[in-house]
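Novice: This structure is in structure tokens; I'll ask about it shortly.
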Amino acid sequence: MQAAAARARRVLASPAASGLPGILWGPRLGGASGAQGALLLHLHGVTSSASSPHHARGFSSCFAPQPPGNLILPAMASQWLNEKSVHYQMATAHFSTEASDVDHPTEAVEEMYQKMLKSVEAETMPPNAWLWSMISSCSNKEDIKLLFQILQKLRVFRLSNLRINANFNDHLCMKVTEACARVGTLDYGLKALWKHNVYGITPTIGSAHYLLQHAKTLNDTKLMESIMQVLRRNSLPLQPGTADIVFSICYNADRWDLLSKYADRFVKAGVKLHRTAFDIWMEFAAKVGDSQSIWNINSLRGKSVKHYTLATGFACAKGSLLDRKPENAAAMIKLLYKHLPDQKKPFVKDELQKLIAEWPTEVIKRQKKDDRKAMEEALIKDIPTMINCLTKSGLDIPVDLEKLTPQVQAA
């Protein structure tokens, strides 16, 4: 023990020991004071900065001189070194992640924010190009937060500046919502649609359509509902294009209930639906086996759209099959074929084959269990009858009826 102490004193007296970055002081070891000494060593053992050379290459295994009676035991020294190693690793991890941490704004956005802030503080209107540059540079949520902060500060300037016109506001709303969708901060994107917001942004239905398209890409019906709720609360007028996107989202998500809900809202608002919306709406009604909805939608369609499309024409044919009227289904297909443009007529065969091989399975599985058997038997009988009627009427389209029975029975 004495020999070990002597070796320690020789090491501590060496020039290398005298150059250590910190001196370790602590109370005498033993009892409660020993535990306190260990804690003090952990908290105050390093006085050099994270950037010092000593910190960069780790901690020395030598110890600085201490008052008499305070020699650190070898076990204590080992424990201290282990704690310091963990502390150093944590510090290194902190600094290595700080530059790429998404909880901080990016350098380009921060720089542009400061430039515009100084301009505002000097009571001058910053160039519009600075704002566009900041918007295009946004890449995380903190960037978007800074964007909305500067928008709020710029609001008074933009409202009082005669050069700011409606086109600028429309463009600004679109660019802001695009940035929010790109970064994934849809909560801020919805704020841009508020009618009386503190950011000086004039909401536009075009920006709402951009967010709806984003919801469509994500197949996110909840986001779609949030956007539609904001439109309603802020009295933004619904447009035919809005219905196109909403109907498409509902169809892709297989939500007939949602499509029916919003279709009713569009109709009550007097929106003149596009042909695309009627295609989706009627095709979905045929898919779920709701013949009554098919006829109601078709009646509404006839008031604004003159000609049938492949989707609406075959939806009516399927509606007739659901009503056990195969002759009417054949007449509908023949009428559709007659009025279709020549480039569209070859697709009739494809749709007819889908009606035989795919639609029965889809529509049967959506029925109540007690009704499935009856519908299966009806379609097995009525679809071939429809094909025979087509042939007799002079429209002979070769199809594979053998795929009808196995597909239906599989449901």
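Order determines the names: the first chain of the structure tokens is A, the second B, and so forth; residues in each chain are numbered 1 upward, and ligands are numbered 1 upward as they are shown.
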Using only C-alpha atoms, find each residue of region 277-373 of chain A with at least one atom at most 9 Å away from an atom of region 389-407 of chain A; report its shortest atom-to-atom pair and that distance in Å (one decimal), sort the rows by chain and rising residue number, and return the result as CSV.

Specialist:
residue,atom,partner,partner_atom,distance
A:Pro326,CA,A:Cys389,CA,8.1
A:Glu327,CA,A:Cys389,CA,6.3
A:Ala330,CA,A:Leu390,CA,5.4
A:Ala331,CA,A:Leu390,CA,7.4
A:Ile333,CA,A:Leu390,CA,8.0
A:Lys334,CA,A:Leu395,CA,6.8
A:Tyr337,CA,A:Leu395,CA,8.8
A:Val348,CA,A:Ile397,CA,8.6
A:Lys349,CA,A:Ile397,CA,6.4
A:Asp350,CA,A:Val399,CA,8.8
A:Leu352,CA,A:Val399,CA,7.5
A:Gln353,CA,A:Val399,CA,6.0
A:Ile356,CA,A:Leu404,CA,5.5
A:Ala357,CA,A:Leu404,CA,5.3
A:Glu358,CA,A:Gln407,CA,7.1
A:Pro360,CA,A:Gln407,CA,7.4
A:Thr361,CA,A:Gln407,CA,5.9

Novice: Taking 5 positions as the minimum chain separation for residues in the same chain, which residues sit within 7 Å of region 309-321 of chain A when counting only C-alpha atoms? Answer as a PyMOL selection string.

Specialist: chain A and resi 279+282-283+286+291+294+326+328-329+332-333+336+382

Novice: How would the residues just picked look written out with all heavy atoms as a short mmCIF file (atom, residue, chain, number, x, y, z; two decimals), in the first residue's frame?

Specialist:
data_model
loop_
_atom_site.label_atom_id
_atom_site.label_comp_id
_atom_site.auth_asym_id
_atom_site.auth_seq_id
_atom_site.Cartn_x
_atom_site.Cartn_y
_atom_site.Cartn_z
N ASP A 279 -68.74 10.12 -62.62
CA ASP A 279 -68.14 8.82 -62.90
C ASP A 279 -67.82 8.08 -61.61
O ASP A 279 -68.16 6.90 -61.44
CB ASP A 279 -66.86 8.99 -63.73
CG ASP A 279 -67.14 9.32 -65.18
OD1 ASP A 279 -68.33 9.35 -65.57
OD2 ASP A 279 -66.18 9.56 -65.94
N MET A 282 -71.19 7.29 -59.40
CA MET A 282 -72.04 6.21 -59.90
C MET A 282 -71.31 4.87 -59.90
O MET A 282 -71.91 3.82 -59.61
CB MET A 282 -72.54 6.55 -61.31
CG MET A 282 -73.54 7.70 -61.34
SD MET A 282 -74.21 8.04 -62.99
CE MET A 282 -75.14 6.55 -63.33
N GLU A 283 -70.04 4.88 -60.22
CA GLU A 283 -69.28 3.63 -60.20
C GLU A 283 -69.22 3.05 -58.79
O GLU A 283 -69.31 1.84 -58.59
CB GLU A 283 -67.86 3.87 -60.73
CG GLU A 283 -67.04 2.60 -60.87
CD GLU A 283 -65.69 2.85 -61.50
OE1 GLU A 283 -65.47 3.96 -62.05
OE2 GLU A 283 -64.84 1.93 -61.45
N ALA A 286 -72.54 1.45 -57.88
CA ALA A 286 -72.66 0.12 -58.48
C ALA A 286 -71.79 -0.89 -57.75
O ALA A 286 -72.15 -2.06 -57.60
CB ALA A 286 -72.27 0.19 -59.95
N SER A 291 -78.67 0.20 -56.14
CA SER A 291 -79.29 0.58 -57.42
C SER A 291 -80.09 1.87 -57.29
O SER A 291 -80.13 2.67 -58.24
CB SER A 291 -80.19 -0.54 -57.93
OG SER A 291 -81.26 -0.80 -57.03
N ILE A 294 -77.87 4.71 -57.78
CA ILE A 294 -77.46 4.81 -59.18
C ILE A 294 -78.46 5.64 -59.97
O ILE A 294 -78.11 6.55 -60.72
CB ILE A 294 -77.30 3.41 -59.80
CG1 ILE A 294 -76.11 2.68 -59.19
CG2 ILE A 294 -77.12 3.51 -61.33
CD1 ILE A 294 -75.98 1.22 -59.63
N PRO A 326 -82.20 -7.71 -66.95
CA PRO A 326 -81.06 -7.90 -67.86
C PRO A 326 -81.29 -7.31 -69.24
O PRO A 326 -80.34 -6.90 -69.91
CB PRO A 326 -80.89 -9.41 -67.90
CG PRO A 326 -82.23 -9.98 -67.51
CD PRO A 326 -82.79 -9.00 -66.53
N ASN A 328 -82.87 -4.53 -69.96
CA ASN A 328 -82.55 -3.10 -69.87
C ASN A 328 -81.04 -2.86 -69.80
O ASN A 328 -80.52 -1.88 -70.34
CB ASN A 328 -83.21 -2.49 -68.63
CG ASN A 328 -84.72 -2.39 -68.76
OD1 ASN A 328 -85.27 -2.68 -69.82
ND2 ASN A 328 -85.40 -2.01 -67.68
N ALA A 329 -80.34 -3.77 -69.13
CA ALA A 329 -78.88 -3.66 -69.04
C ALA A 329 -78.25 -3.77 -70.43
O ALA A 329 -77.34 -3.00 -70.78
CB ALA A 329 -78.33 -4.75 -68.12
N MET A 332 -78.85 -0.63 -72.42
CA MET A 332 -77.98 0.47 -71.97
C MET A 332 -76.59 0.35 -72.59
O MET A 332 -76.01 1.34 -73.06
CB MET A 332 -77.89 0.44 -70.44
CG MET A 332 -77.01 1.55 -69.86
SD MET A 332 -77.74 3.19 -70.04
CE MET A 332 -76.48 4.00 -71.01
N ILE A 333 -76.05 -0.86 -72.62
CA ILE A 333 -74.72 -1.07 -73.18
C ILE A 333 -74.72 -0.79 -74.68
O ILE A 333 -73.77 -0.19 -75.22
CB ILE A 333 -74.23 -2.50 -72.88
CG1 ILE A 333 -74.03 -2.67 -71.36
CG2 ILE A 333 -72.92 -2.79 -73.62
CD1 ILE A 333 -73.70 -4.08 -70.94
N LEU A 336 -74.83 2.94 -75.16
CA LEU A 336 -73.53 3.50 -74.82
C LEU A 336 -72.55 3.31 -75.98
O LEU A 336 -71.84 4.25 -76.37
CB LEU A 336 -73.00 2.83 -73.55
CG LEU A 336 -71.57 3.19 -73.12
CD1 LEU A 336 -71.49 4.65 -72.70
CD2 LEU A 336 -71.11 2.29 -71.98
N ASP A 382 -78.87 -13.80 -64.72
CA ASP A 382 -79.18 -12.60 -65.49
C ASP A 382 -78.04 -12.10 -66.37
O ASP A 382 -78.28 -11.51 -67.44
CB ASP A 382 -79.60 -11.47 -64.54
CG ASP A 382 -80.94 -11.75 -63.87
OD1 ASP A 382 -81.67 -12.64 -64.36
OD2 ASP A 382 -81.26 -11.10 -62.86
#

Novice: As a list in words, please: the residues near Glu225 (chain A) (cut-off 10 Å, only C-alpha atoms, same-chain neighbours under 5 positions excluded).

Specialist: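 Residues near the query, excluding close chain neighbours: Leu212, Ala215, Asp220, Val230, Leu231, Val246, Leu258 and Tyr262 of chain A.
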
Novice: For the residues in the current selection, export N, CA, C and O atoms as a PDB file, in the first residue's frame.

Specialist:
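Result file is selection-v3.pdb:
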ATOM      1  N   LEU A 212     -55.937  19.192 -50.236  1.00  0.00           N
ATOM      2  CA  LEU A 212     -56.747  18.004 -50.499  1.00  0.00           C
ATOM      3  C   LEU A 212     -55.992  17.000 -51.379  1.00  0.00           C
ATOM      4  O   LEU A 212     -56.091  15.788 -51.172  1.00  0.00           O
ATOM      5  N   ALA A 215     -53.783  15.172 -49.180  1.00  0.00           N
ATOM      6  CA  ALA A 215     -54.531  14.148 -48.454  1.00  0.00           C
ATOM      7  C   ALA A 215     -54.806  12.939 -49.341  1.00  0.00           C
ATOM      8  O   ALA A 215     -54.776  11.789 -48.881  1.00  0.00           O
ATOM      9  N   ASP A 220     -55.516   9.859 -46.854  1.00  0.00           N
ATOM     10  CA  ASP A 220     -55.839  10.269 -45.486  1.00  0.00           C
ATOM     11  C   ASP A 220     -57.223  10.923 -45.449  1.00  0.00           C
ATOM     12  O   ASP A 220     -57.372  12.103 -45.757  1.00  0.00           O
ATOM     13  N   VAL A 230     -62.600  23.102 -42.164  1.00  0.00           N
ATOM     14  CA  VAL A 230     -62.061  24.458 -42.198  1.00  0.00           C
ATOM     15  C   VAL A 230     -62.721  25.269 -43.312  1.00  0.00           C
ATOM     16  O   VAL A 230     -63.044  26.453 -43.136  1.00  0.00           O
ATOM     17  N   LEU A 231     -62.949  24.648 -44.461  1.00  0.00           N
ATOM     18  CA  LEU A 231     -63.620  25.340 -45.566  1.00  0.00           C
ATOM     19  C   LEU A 231     -65.009  25.794 -45.150  1.00  0.00           C
ATOM     20  O   LEU A 231     -65.440  26.906 -45.474  1.00  0.00           O
ATOM     21  N   VAL A 246     -62.397  15.209 -53.481  1.00  0.00           N
ATOM     22  CA  VAL A 246     -63.033  14.578 -52.320  1.00  0.00           C
ATOM     23  C   VAL A 246     -63.615  13.221 -52.701  1.00  0.00           C
ATOM     24  O   VAL A 246     -63.434  12.230 -51.983  1.00  0.00           O
ATOM     25  N   LEU A 258     -68.659   8.238 -46.463  1.00  0.00           N
ATOM     26  CA  LEU A 258     -68.116   9.595 -46.567  1.00  0.00           C
ATOM     27  C   LEU A 258     -68.475  10.234 -47.900  1.00  0.00           C
ATOM     28  O   LEU A 258     -68.823  11.425 -47.957  1.00  0.00           O
ATOM     29  N   TYR A 262     -70.534  13.836 -48.279  1.00  0.00           N
ATOM     30  CA  TYR A 262     -70.046  15.045 -48.941  1.00  0.00           C
ATOM     31  C   TYR A 262     -70.755  15.307 -50.261  1.00  0.00           C
ATOM     32  O   TYR A 262     -70.914  16.469 -50.661  1.00  0.00           O
TER      33      TYR A 262
END

Novice: For Cys138 (chain A), list every protein, DNA or RNA residue within 12 Å, evaluated using only C-alpha atoms, and leave out those in the same chain fewer than 4 positions away; present the list as a ChimeraX atom specification.

Specialist: /A:102,104-113,131-134,142-148,175-185

Novice: Provide the CA of Asp370 (chain A) to CA of Asn252 (chain A) distance in Å, to one decimal place.

Specialist: 27.5 Å

Novice: Could you tell me how far CA of Arg255 (chain A) lies from CA of Ile205 (chain A), in Å and to one decimal?

Specialist: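 Distance between the two atoms: 23.7 Å.
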
Novice: Based on the backbone DSSP call, show me all residues of region 127-300 of chain A assigned helix (DSSP H, G or I), as number ranges by chain.

Specialist: A: 128-137, 141-160, 166-183, 186-191, 205-218, 221-233, 240-252, 256-268, 275-288, 291-300
